[in-house]
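A.B. asks: I am sharing query.txt, which consists of compact mmCIF, C-alpha atoms:
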```txt
# COMPACT_ATOMS: atom_id res chain seq x y z
CA MET X 1 -29.04 4.00 35.01
CA ILE X 2 -30.24 2.39 31.83
CA SER X 3 -28.67 -1.07 31.98
CA ARG X 4 -31.03 -4.02 32.12
CA TYR X 5 -30.90 -5.98 35.38
CA PRO X 6 -29.23 -9.34 34.60
CA ALA X 7 -31.60 -12.30 34.19
CA ILE X 8 -29.19 -14.48 36.22
CA ALA X 9 -29.23 -12.08 39.20
CA ALA X 10 -31.69 -14.07 41.35
CA ASP X 11 -29.67 -17.28 40.93
CA ILE X 12 -26.47 -15.46 41.85
CA ALA X 13 -28.12 -14.05 44.98
CA LYS X 14 -29.10 -17.58 46.02
CA LEU X 15 -25.54 -18.79 45.48
CA PHE X 16 -24.16 -15.94 47.58
CA ALA X 17 -26.61 -16.71 50.39
CA ALA X 18 -25.66 -20.39 50.31
CA ARG X 19 -22.01 -19.39 50.63
CA ASP X 20 -22.58 -17.51 53.91
CA THR X 21 -22.22 -13.95 52.68
CA HIS X 22 -23.85 -10.70 53.78
CA ALA X 23 -25.50 -8.95 50.82
CA VAL X 24 -24.61 -5.25 50.76
CA GLU X 25 -25.51 -2.19 48.74
CA VAL X 26 -23.11 0.74 48.52
CA ALA X 27 -23.74 4.28 47.31
CA VAL X 28 -23.35 5.04 43.61
CA LEU X 29 -21.58 8.33 44.42
CA GLN X 30 -18.28 7.67 46.15
CA PRO X 31 -15.38 9.83 47.41
CA ALA X 32 -12.94 9.96 44.52
CA ASP X 33 -9.66 10.13 46.44
CA PRO X 34 -9.42 6.44 47.43
CA PHE X 35 -9.79 5.39 43.80
CA LEU X 36 -7.36 8.04 42.54
CA ASP X 37 -4.81 7.04 45.18
CA MET X 38 -5.14 3.23 45.20
CA ALA X 39 -7.01 1.83 42.21
CA GLY X 40 -4.25 1.85 39.59
CA GLU X 41 -3.43 3.93 36.54
CA ASP X 42 -5.73 2.02 34.19
CA LEU X 43 -8.84 2.52 36.34
CA ARG X 44 -7.97 6.15 37.19
CA ARG X 45 -8.19 7.06 33.51
CA ARG X 46 -11.69 5.60 33.24
CA ILE X 47 -13.40 7.11 36.29
CA PHE X 48 -16.31 9.55 35.92
CA LEU X 49 -15.58 12.46 38.26
CA THR X 50 -17.97 15.05 39.64
CA GLU X 51 -18.05 17.53 42.54
CA SER X 52 -20.34 18.08 45.50
CA GLU X 53 -21.83 21.45 46.46
CA THR X 54 -19.08 21.81 49.05
CA GLY X 55 -16.34 21.21 46.46
CA ARG X 56 -15.59 17.62 47.48
CA THR X 57 -14.42 15.47 44.56
CA LEU X 58 -16.74 12.52 43.98
CA CYS X 59 -17.00 9.81 41.37
CA LEU X 60 -19.52 7.34 40.06
CA ARG X 61 -18.79 3.95 41.60
CA PRO X 62 -16.14 2.39 39.27
CA GLU X 63 -15.84 -0.89 41.24
CA PHE X 64 -17.01 -2.43 44.49
CA THR X 65 -13.96 -3.48 46.51
CA ILE X 66 -13.02 -0.04 47.87
CA PRO X 67 -16.66 1.00 48.65
CA VAL X 68 -17.36 -2.30 50.43
CA CYS X 69 -14.19 -1.91 52.50
CA LEU X 70 -15.04 1.70 53.36
CA ASP X 71 -18.53 0.67 54.49
CA HIS X 72 -17.06 -2.16 56.57
CA ILE X 73 -14.73 0.28 58.35
CA ALA X 74 -17.52 2.80 58.91
CA SER X 75 -19.87 0.15 60.34
CA GLN X 76 -17.16 -1.16 62.71
CA ALA X 77 -18.37 -4.69 61.91
CA GLY X 78 -16.45 -7.62 63.32
CA THR X 79 -14.39 -10.03 61.26
CA PRO X 80 -14.13 -12.46 59.65
CA ARG X 81 -17.01 -11.34 57.48
CA ARG X 82 -17.95 -12.09 53.88
CA TYR X 83 -19.78 -9.47 51.83
CA SER X 84 -21.53 -10.06 48.50
CA TYR X 85 -22.81 -7.50 46.00
CA LEU X 86 -24.52 -7.20 42.64
CA GLY X 87 -24.94 -3.81 41.03
CA GLU X 88 -23.84 -1.33 38.40
CA VAL X 89 -20.41 0.17 38.04
CA PHE X 90 -19.50 3.13 35.87
CA ARG X 91 -16.29 3.50 33.92
CA GLN X 92 -15.17 4.34 30.42
CA ARG X 93 -14.51 1.23 28.36
CA ARG X 94 -13.06 0.58 24.93
CA GLU X 95 -15.69 -2.12 24.35
CA GLY X 96 -19.24 -2.23 25.70
CA GLY X 97 -21.25 0.37 27.59
CA ASN X 98 -19.97 2.66 30.30
CA GLU X 99 -22.61 1.33 32.74
CA PHE X 100 -22.50 -2.38 33.44
CA PHE X 101 -23.22 -4.87 36.19
CA GLN X 102 -20.71 -6.64 38.38
CA ALA X 103 -21.19 -9.20 41.15
CA GLY X 104 -18.68 -10.54 43.63
CA ILE X 105 -17.61 -11.39 47.15
CA GLU X 106 -15.20 -9.56 49.46
CA ASP X 107 -13.83 -11.85 52.19
CA LEU X 108 -12.46 -9.78 55.08
CA GLY X 109 -10.56 -10.72 58.22
CA ASP X 110 -9.78 -14.42 57.74
CA ARG X 111 -6.20 -14.92 58.99
CA ASP X 112 -5.86 -18.27 57.18
CA THR X 113 -4.84 -16.67 53.90
CA ALA X 114 -4.34 -19.94 52.02
CA ALA X 115 -7.87 -21.09 52.87
CA ALA X 116 -9.42 -17.69 52.13
CA ASP X 117 -7.58 -17.40 48.79
CA ALA X 118 -8.72 -20.87 47.76
CA ARG X 119 -12.29 -20.11 48.82
CA SER X 120 -12.35 -16.88 46.79
CA LEU X 121 -11.19 -18.70 43.66
CA ALA X 122 -13.71 -21.50 44.30
CA ASP X 123 -16.54 -18.97 44.83
CA ALA X 124 -15.75 -17.24 41.52
CA HIS X 125 -15.51 -20.56 39.70
CA ALA X 126 -18.84 -21.71 41.20
CA LEU X 127 -20.58 -18.50 40.08
CA LEU X 128 -19.35 -18.91 36.51
CA THR X 129 -20.26 -22.60 36.47
CA LEU X 130 -23.76 -21.67 37.61
CA ALA X 131 -24.15 -18.91 35.04
CA LEU X 132 -22.51 -20.80 32.15
CA PRO X 133 -23.29 -24.52 32.58
CA GLY X 134 -21.13 -26.70 30.38
CA GLN X 135 -18.76 -23.87 29.47
CA ALA X 136 -15.09 -24.84 29.72
CA LEU X 137 -13.23 -22.36 31.94
CA ALA X 138 -9.53 -21.49 32.16
CA VAL X 139 -7.97 -19.99 35.30
CA THR X 140 -4.78 -17.91 35.31
CA LEU X 141 -3.15 -17.31 38.68
CA GLY X 142 -0.29 -15.04 39.73
CA ASP X 143 1.25 -14.04 43.03
CA GLN X 144 2.51 -10.54 43.86
CA THR X 145 4.15 -11.80 47.08
CA VAL X 146 6.28 -14.37 45.24
CA PHE X 147 7.30 -11.74 42.68
CA GLU X 148 8.34 -9.32 45.44
CA ALA X 149 10.22 -12.12 47.25
CA VAL X 150 12.25 -12.76 44.08
CA LEU X 151 13.05 -9.05 43.76
CA ALA X 152 14.20 -8.91 47.39
CA ALA X 153 16.26 -12.10 47.07
CA LEU X 154 18.02 -10.63 44.03
CA GLY X 155 19.16 -7.72 46.21
CA LEU X 156 17.33 -5.00 44.30
CA PRO X 157 17.15 -1.69 46.19
CA ARG X 158 13.78 -0.59 47.55
CA GLY X 159 13.11 1.92 44.77
CA TRP X 160 13.47 -0.69 42.07
CA ARG X 161 11.39 -3.22 44.01
CA MET X 162 8.61 -0.64 44.30
CA ARG X 163 8.70 0.27 40.61
CA LEU X 164 8.65 -3.35 39.46
CA ALA X 165 5.90 -4.23 41.95
CA ARG X 166 3.76 -1.39 40.58
CA ALA X 167 4.39 -2.64 37.05
CA PHE X 168 3.27 -6.17 37.94
CA GLY X 169 0.10 -6.82 35.94
CA SER X 170 0.92 -4.43 33.10
CA ALA X 171 3.06 -6.04 30.39
CA PRO X 172 4.07 -2.68 28.80
CA MET X 173 5.03 -1.15 32.18
CA LEU X 174 6.97 -4.24 33.22
CA GLU X 175 8.76 -4.39 29.87
CA ALA X 176 9.72 -0.72 30.15
CA ALA X 177 10.94 -1.17 33.72
CA LEU X 178 13.08 -4.17 32.76
CA ALA X 179 14.53 -2.24 29.82
CA ASP X 180 15.51 0.60 32.15
CA LEU X 181 16.92 -1.87 34.64
CA ALA X 182 19.12 -3.40 31.95
CA ASN X 183 20.22 0.01 30.62
CA PRO X 184 19.38 2.84 33.04
CA PRO X 185 18.73 6.14 31.20
CA ARG X 186 21.59 8.56 31.84
CA ASN X 187 20.08 11.91 30.99
CA SER X 188 17.19 13.56 32.78
CA GLN X 189 14.71 15.83 31.00
CA LEU X 190 14.36 17.94 34.15
CA SER X 191 15.89 21.37 34.47
CA GLY X 192 15.82 24.48 36.66
CA PRO X 193 14.43 24.36 40.22
CA VAL X 194 12.72 21.00 39.67
CA ALA X 195 16.03 19.33 38.80
CA THR X 196 17.68 20.86 41.89
CA LEU X 197 14.89 19.73 44.22
CA VAL X 198 14.95 16.24 42.71
CA LEU X 199 18.72 16.04 43.12
CA ASP X 200 18.37 17.13 46.77
CA GLY X 201 15.64 14.55 47.37
CA ASP X 202 13.47 17.27 48.96
CA VAL X 203 9.97 15.73 48.62
CA GLU X 204 8.14 18.46 50.56
CA SER X 205 9.60 21.39 48.66
CA LEU X 206 9.26 19.64 45.31
CA ALA X 207 5.59 18.83 46.02
CA ALA X 208 4.95 22.49 46.91
CA HIS X 209 6.65 23.60 43.68
CA ILE X 210 4.56 21.16 41.61
CA ALA X 211 1.34 22.21 43.37
CA GLY X 212 2.11 25.85 42.55
CA GLY X 213 2.70 25.02 38.91
CA MET X 214 -0.55 23.05 38.70
CA GLU X 215 -2.47 25.94 40.26
CA GLU X 216 -0.98 28.44 37.78
CA ALA X 217 -1.93 26.13 34.91
CA GLY X 218 -5.48 25.73 36.24
CA LEU X 219 -5.06 21.99 36.86
CA SER X 220 -6.98 20.28 39.65
CA ALA X 221 -4.89 18.22 42.06
CA SER X 222 -7.88 15.86 42.33
CA ALA X 223 -7.84 14.95 38.65
CA GLY X 224 -4.88 12.58 38.90
CA ARG X 225 -1.83 11.96 41.04
CA SER X 226 -1.27 14.33 43.95
CA PRO X 227 1.72 16.74 43.93
CA SER X 228 3.33 14.69 46.73
CA ASP X 229 2.96 11.49 44.72
CA ILE X 230 4.44 13.15 41.62
CA ALA X 231 7.34 14.48 43.70
CA ARG X 232 8.08 11.05 45.17
CA ARG X 233 7.98 9.45 41.73
CA LEU X 234 10.38 12.03 40.24
CA ILE X 235 12.89 11.55 43.06
CA GLU X 236 12.52 7.78 42.87
CA LYS X 237 13.20 7.80 39.12
CA ALA X 238 16.36 9.83 39.68
CA GLU X 239 17.55 7.33 42.28
CA LEU X 240 16.77 4.38 39.99
CA ARG X 241 19.09 5.71 37.31
CA SER X 242 22.06 4.95 39.55
CA VAL X 243 21.29 1.20 39.73
CA ARG X 244 22.29 -1.45 37.21
CA LEU X 245 21.46 -5.12 37.79
CA SER X 246 24.17 -7.70 37.15
CA ASN X 247 23.77 -9.90 34.08
CA GLU X 248 23.38 -12.95 36.33
CA ALA X 249 20.62 -11.37 38.43
CA PHE X 250 18.88 -9.95 35.37
CA SER X 251 18.90 -13.39 33.74
CA ALA X 252 17.42 -14.91 36.91
CA LEU X 253 14.61 -12.33 36.95
CA LYS X 254 13.79 -13.01 33.30
CA GLY X 255 13.85 -16.74 34.00
CA PHE X 256 11.38 -16.32 36.85
CA LEU X 257 8.98 -14.26 34.74
CA ALA X 258 9.03 -17.00 32.07
CA ILE X 259 7.55 -19.62 34.45
CA ASP X 260 4.11 -20.66 33.17
CA VAL X 261 2.97 -24.09 34.37
CA PRO X 262 -0.12 -25.96 35.60
CA LEU X 263 -0.82 -25.07 39.23
CA ASN X 264 -0.16 -28.60 40.47
CA ASN X 265 3.41 -28.29 39.12
CA ALA X 266 3.96 -24.67 40.14
CA ALA X 267 5.43 -25.10 43.64
CA GLN X 268 8.02 -27.51 42.29
CA ALA X 269 8.82 -25.16 39.41
CA LEU X 270 9.39 -22.31 41.86
CA GLU X 271 11.57 -24.49 44.09
CA SER X 272 13.66 -25.52 41.06
CA PHE X 273 14.00 -21.91 39.95
CA ALA X 274 15.05 -20.72 43.42
CA SER X 275 17.57 -23.54 43.79
CA GLY X 276 19.07 -22.94 40.35
CA ALA X 277 19.34 -19.20 40.93
CA GLY X 278 20.70 -19.61 44.47
CA LEU X 279 17.81 -17.68 45.98
CA SER X 280 15.69 -18.21 49.08
CA LEU X 281 12.00 -17.36 48.70
CA GLY X 282 11.17 -18.33 52.29
CA ALA X 283 7.61 -17.91 53.50
CA ALA X 284 6.37 -16.72 50.09
CA LEU X 285 7.03 -20.17 48.63
CA ASP X 286 5.57 -21.98 51.67
CA ASN X 287 2.39 -19.91 51.46
CA PHE X 288 2.13 -20.51 47.72
CA ALA X 289 2.32 -24.28 48.22
CA ALA X 290 -0.25 -24.16 51.06
CA ARG X 291 -2.67 -22.23 48.83
CA ALA X 292 -2.25 -24.70 45.96
CA ARG X 293 -3.13 -27.56 48.31
CA ALA X 294 -6.15 -25.63 49.61
CA ILE X 295 -7.39 -24.96 46.07
CA GLU X 296 -7.20 -28.67 45.30
CA THR X 297 -9.47 -29.49 48.27
CA HIS X 298 -12.31 -27.53 46.59
CA GLY X 299 -12.39 -30.05 43.77
CA LEU X 300 -11.56 -27.51 41.07
CA PRO X 301 -10.23 -28.88 37.76
CA MET X 302 -6.52 -28.45 38.47
CA ALA X 303 -5.57 -29.11 34.84
CA ASP X 304 -7.41 -25.91 33.88
CA ILE X 305 -5.56 -23.71 36.42
CA ARG X 306 -2.21 -22.27 35.38
CA TYR X 307 0.36 -20.30 37.33
CA ASP X 308 1.96 -17.54 35.26
CA ALA X 309 4.77 -15.85 37.20
CA ALA X 310 4.40 -12.65 35.14
CA PHE X 311 0.63 -12.43 35.58
CA GLY X 312 -0.88 -9.63 37.62
CA ARG X 313 -3.98 -7.45 37.58
CA PRO X 314 -3.91 -3.66 37.00
CA LEU X 315 -5.06 -2.50 40.43
CA ASP X 316 -2.50 -1.02 42.81
CA TYR X 317 -4.02 -2.47 45.98
CA TYR X 318 -3.28 -6.17 45.33
CA THR X 319 -0.67 -7.73 47.63
CA GLY X 320 -0.67 -11.50 47.05
CA LEU X 321 -2.83 -13.85 45.00
CA VAL X 322 -4.22 -12.46 41.74
CA PHE X 323 -6.39 -14.44 39.35
CA GLU X 324 -8.63 -14.27 36.32
CA ILE X 325 -11.10 -16.78 34.93
CA ALA X 326 -12.07 -16.83 31.26
CA ALA X 327 -14.06 -19.04 28.94
CA LYS X 328 -11.68 -21.12 26.89
CA ARG X 329 -10.91 -19.60 23.49
CA VAL X 330 -12.41 -16.26 24.65
CA GLU X 331 -9.91 -13.46 25.20
CA ARG X 332 -11.67 -11.20 27.72
CA PRO X 333 -11.84 -12.46 31.33
CA LEU X 334 -15.19 -13.18 32.97
CA ALA X 335 -13.95 -12.88 36.56
CA GLY X 336 -10.95 -11.37 38.30
CA GLY X 337 -9.79 -11.06 41.87
CA GLY X 338 -6.98 -11.12 44.36
CA ARG X 339 -5.66 -10.42 47.85
CA TYR X 340 -5.39 -6.88 49.27
CA ASP X 341 -4.04 -7.08 52.82
CA ARG X 342 -2.92 -3.43 53.03
CA LEU X 343 -6.02 -1.83 51.56
CA LEU X 344 -8.21 -1.51 54.65
CA THR X 345 -5.42 0.06 56.69
CA LEU X 346 -4.83 2.60 53.90
CA LEU X 347 -8.57 3.34 53.90
CA GLY X 348 -8.53 4.10 57.63
CA ALA X 349 -8.94 0.82 59.53
CA LYS X 350 -7.31 1.12 62.97
CA THR X 351 -5.87 -2.41 62.82
CA PRO X 352 -4.74 -4.48 59.83
CA ILE X 353 -7.56 -6.50 58.23
CA PRO X 354 -6.59 -9.06 55.58
CA GLY X 355 -8.86 -9.24 52.55
CA VAL X 356 -9.40 -11.16 49.35
CA GLY X 357 -12.18 -10.92 46.78
CA PHE X 358 -13.34 -11.18 43.21
CA SER X 359 -15.82 -9.66 40.79
CA VAL X 360 -17.46 -10.96 37.61
CA TRP X 361 -18.47 -9.04 34.49
CA LEU X 362 -22.14 -9.90 34.09
CA ASP X 363 -22.47 -8.30 30.66
CA ARG X 364 -19.80 -10.64 29.30
CA ILE X 365 -21.51 -13.60 30.95
CA GLU X 366 -24.85 -12.63 29.42
CA ALA X 367 -23.28 -12.32 25.97
CA LEU X 368 -22.00 -15.89 26.24
CA ARG X 369 -25.36 -17.10 27.53
CA GLU X 370 -27.10 -15.52 24.52
CA LYS X 371 -24.56 -17.05 22.17
CA ALA X 372 -25.17 -20.51 23.66
CA LYS X 373 -28.95 -20.38 23.04
```
When written as structure tokens, how does the structure in this file appear?
C.D. replies:
Amino acid sequence: MISRYPAIAADIAKLFAARDTHAVEVAVLQPADPFLDMAGEDLRRRIFLTESETGRTLCLRPEFTIPVCLDHIASQAGTPRRYSYLGEVFRQRREGGNEFFQAGIEDLGDRDTAAADARSLADAHALLTLALPGQALAVTLGDQTVFEAVLAALGLPRGWRMRLARAFGSAPMLEAALADLANPPRNSQLSGPVATLVLDGDVESLAAHIAGGMEEAGLSASAGRSPSDIARRLIEKAELRSVRLSNEAFSALKGFLAIDVPLNNAAQALESFASGAGLSLGAALDNFAARARAIETHGLPMADIRYDAAFGRPLDYYTGLVFEIAAKRVERPLAGGGRYDRLLTLLGAKTPIPGVGFSVWLDRIEALREKAK
């Protein structure tokens, strides 16, 4: 570890303590499978993998949310509970070093999701205001739950809803999915036994066939998606080719994704969209409005918070609110976060535990602090 400890670290620790969090440290070496299974395609490509003496696949800690959640489950701590952290993460990046510091808060177990979401956004905003006094900040907010409610209201089959939900947060993936939805590809590139197994929808046999092929080719099943995941995706793609969305429904979906308004106008914009499209968004819209009201109670500058219906973040575990905060006129975000209500169950929690959190890129913050001197 060669990165310099951030000069602002002590002030951040004081802020976290004042906000009723439990400071935690998690191991640098982590089991790789949770990240490979749940962290999203973009992060999977950037992880540094290694192997233990027993052959277990490990990785250098690429982020903190999954390790903090794993430690919470292992400790059998009660909830609600708020964890804070500040430490290095390790991942390949196009810009900057591969070792860099992140800080953040993971808020676990609060059943009042609107309040917890608003608090997470307020915590992130407070950290950036502390670290960058006088810096104008811009907040972009999205909502995976509202997006999925629109897909369900449009009558899309489950396979298409899953594909589009996975694409949420990646403009190229979403664009490709919408193109396929408008004009489903007719011809498959598959042939031989794979094509037969896909046509039969036989996940177990197809996964076994794929695993055998990977073994013959000397490929490790731990280096990417598992054979079962690949099999499910192949069968799902075949099923998706049989669906074509009506022009009316496709137009409504495109209209939804074009919504980009200040947060204090967003609930009304969603209501107008739903009414015009003849759709019912139900609890998703009610929860969205409740969160917007809760955010306002924190005294955040509402004019600087925008709701972008097409905005998501490239991590597979998000389930509701997603947000990023950036310095105005600076492209790269300084903070990002969101809600992940299914994550702890997938990681082994015996009962569902709702969660929401954020992290900040301290190297980007320090660069702006140096620039302001």
A.B. asks: For a test of reading the model, state the distance in Å between atom CA of Pro301 of chain X and atom CA of Asp117 of chain X, rounded to one decimal.
C.D. replies: 16.1 Å
A.B. asks: Neighbouring residues of Arg369 of chain X were defined as those with any atom within 9 Å, considering all atoms listed in the file; residues of the same chain fewer than 4 positions away were excluded. Please report them as a ChimeraX atom specification.
C.D. replies: /X:131-132,364-365,373
A.B. asks: Do a neighbour search on Ala208 of chain X at 8 Å with only C-alpha atoms, toss out local chain neighbours closer than 3 positions, and write the hits as a PyMOL selection string.
C.D. replies: chain X and resi 204-205+211-212+227-228
A.B. asks: What gap, in Å, lies between atom CA of Leu321 of chain X and atom CA of Ala269 of chain X?
C.D. replies: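 Atom-to-atom, atom CA of Leu321 of chain X to atom CA of Ala269 of chain X, that is 17.2 Å.
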A.B. asks: Figure out the distance between atom CA of Leu151 of chain X and atom CA of Ala252 of chain X, please, to one decimal in Å.
C.D. replies: 10.0 Å
A.B. asks: From the set X:Ala126, X:Ala165, X:Cys69, X:Leu206, which residue has the shortest atom-to-atom contact distance to Asp107 of chain X, counting all atoms listed in the file?
C.D. replies: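 Between X:Ala126, X:Ala165, X:Cys69, X:Leu206, the residue approaching Asp107 of chain X most closely is X:Cys69.
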A.B. asks: Report as lines of an AutoDock Vina configuration file the centre and the edge lengths, in Å to one decimal, of the axis-aligned box holding every listed atom of segment 264-271 of chain X, padded by 5 Å on each side.
C.D. replies:
```
center_x = 5.7
center_y = -25.5
center_z = 41.6
size_x = 21.7
size_y = 16.3
size_z = 15.0
```
A.B. asks: Which neighbours of segment 331-335 of chain X fall inside 7 Å, counting all atoms listed in the file, when residues of the same chain fewer than 5 positions from it are skipped, and could you give them as a ChimeraX atom specification?
C.D. replies: /X:124,324-326,358-361,364-365
A.B. asks: Which one of X:Leu343, X:Ile210, X:Arg232, X:Tyr317 sits closest to Gly159 of chain X if you count all atoms listed in the file?
C.D. replies: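 Using all atoms listed in the file, Gly159 of chain X sits closest to X:Arg232.
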A.B. asks: With all atoms listed in the file as the atoms that count, which of X:Ala115, X:Val89, X:Val24, X:Ile8 lies nearest to Thr297 of chain X?
C.D. replies: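 Comparing X:Ala115, X:Val89, X:Val24, X:Ile8 against Thr297 of chain X, the winner is X:Ala115.
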A.B. asks: Kindly provide, as a PyMOL selection string, the polymer residues lying within 10 Å of (-11.9, 7.5, 35.9), counting all atoms listed in the file and using the coordinates exactly as they appear in the file.
C.D. replies: chain X and resi 32+35-36+39+41-49+59-62+90-92+223-224
A.B. asks: Find the spatial neighbours of segment 166-170 of chain X, counting all atoms listed in the file, within a cut-off of 9 Å - ignore same-chain residues fewer than 4 positions away - and output them as a list in words.
C.D. replies: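 So the residues in contact are Gly40, Gln144, Phe147, Arg161, Met162, Leu174, Glu175, Ala176, Ala177, Ala310, Phe311, Gly312, Arg313, Pro314, Leu315 and Asp316 of chain X.
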A.B. asks: Atoms to include: C-alpha atoms. Write the selected residues as a compact mmCIF listing (two decimals), in the frame of the given file.
C.D. replies:
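For reference, again_11.txt as written:
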```
# COMPACT_ATOMS: atom_id res chain seq x y z
CA GLY X 40 -4.25 1.85 39.59
CA GLN X 144 2.51 -10.54 43.86
CA PHE X 147 7.30 -11.74 42.68
CA ARG X 161 11.39 -3.22 44.01
CA MET X 162 8.61 -0.64 44.30
CA LEU X 174 6.97 -4.24 33.22
CA GLU X 175 8.76 -4.39 29.87
CA ALA X 176 9.72 -0.72 30.15
CA ALA X 177 10.94 -1.17 33.72
CA ALA X 310 4.40 -12.65 35.14
CA PHE X 311 0.63 -12.43 35.58
CA GLY X 312 -0.88 -9.63 37.62
CA ARG X 313 -3.98 -7.45 37.58
CA PRO X 314 -3.91 -3.66 37.00
CA LEU X 315 -5.06 -2.50 40.43
CA ASP X 316 -2.50 -1.02 42.81
```
A.B. asks: Under the rule that only C-alpha atoms are counted, which of X:Gly355, X:Gly155, X:Gly97, X:Gly348 is the nearest residue to Pro34 of chain X?
C.D. replies: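 The closest residue to Pro34 of chain X is X:Gly348.
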A.B. asks: Can you tell me which residues surround Ser275 of chain X at a distance of at most 12 Å, considering only C-alpha atoms, apart from same-chain residues fewer than 5 positions away, and format the answer as a count of residues only?
C.D. replies: 9
A.B. asks: Smallest atom-to-atom distance to Val322 of chain X: which of X:Leu141, X:Ala23, X:Ala284, X:Ala114, using only C-alpha atoms?
C.D. replies: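 Among the listed residues, the smallest separation from Val322 of chain X belongs to X:Leu141.
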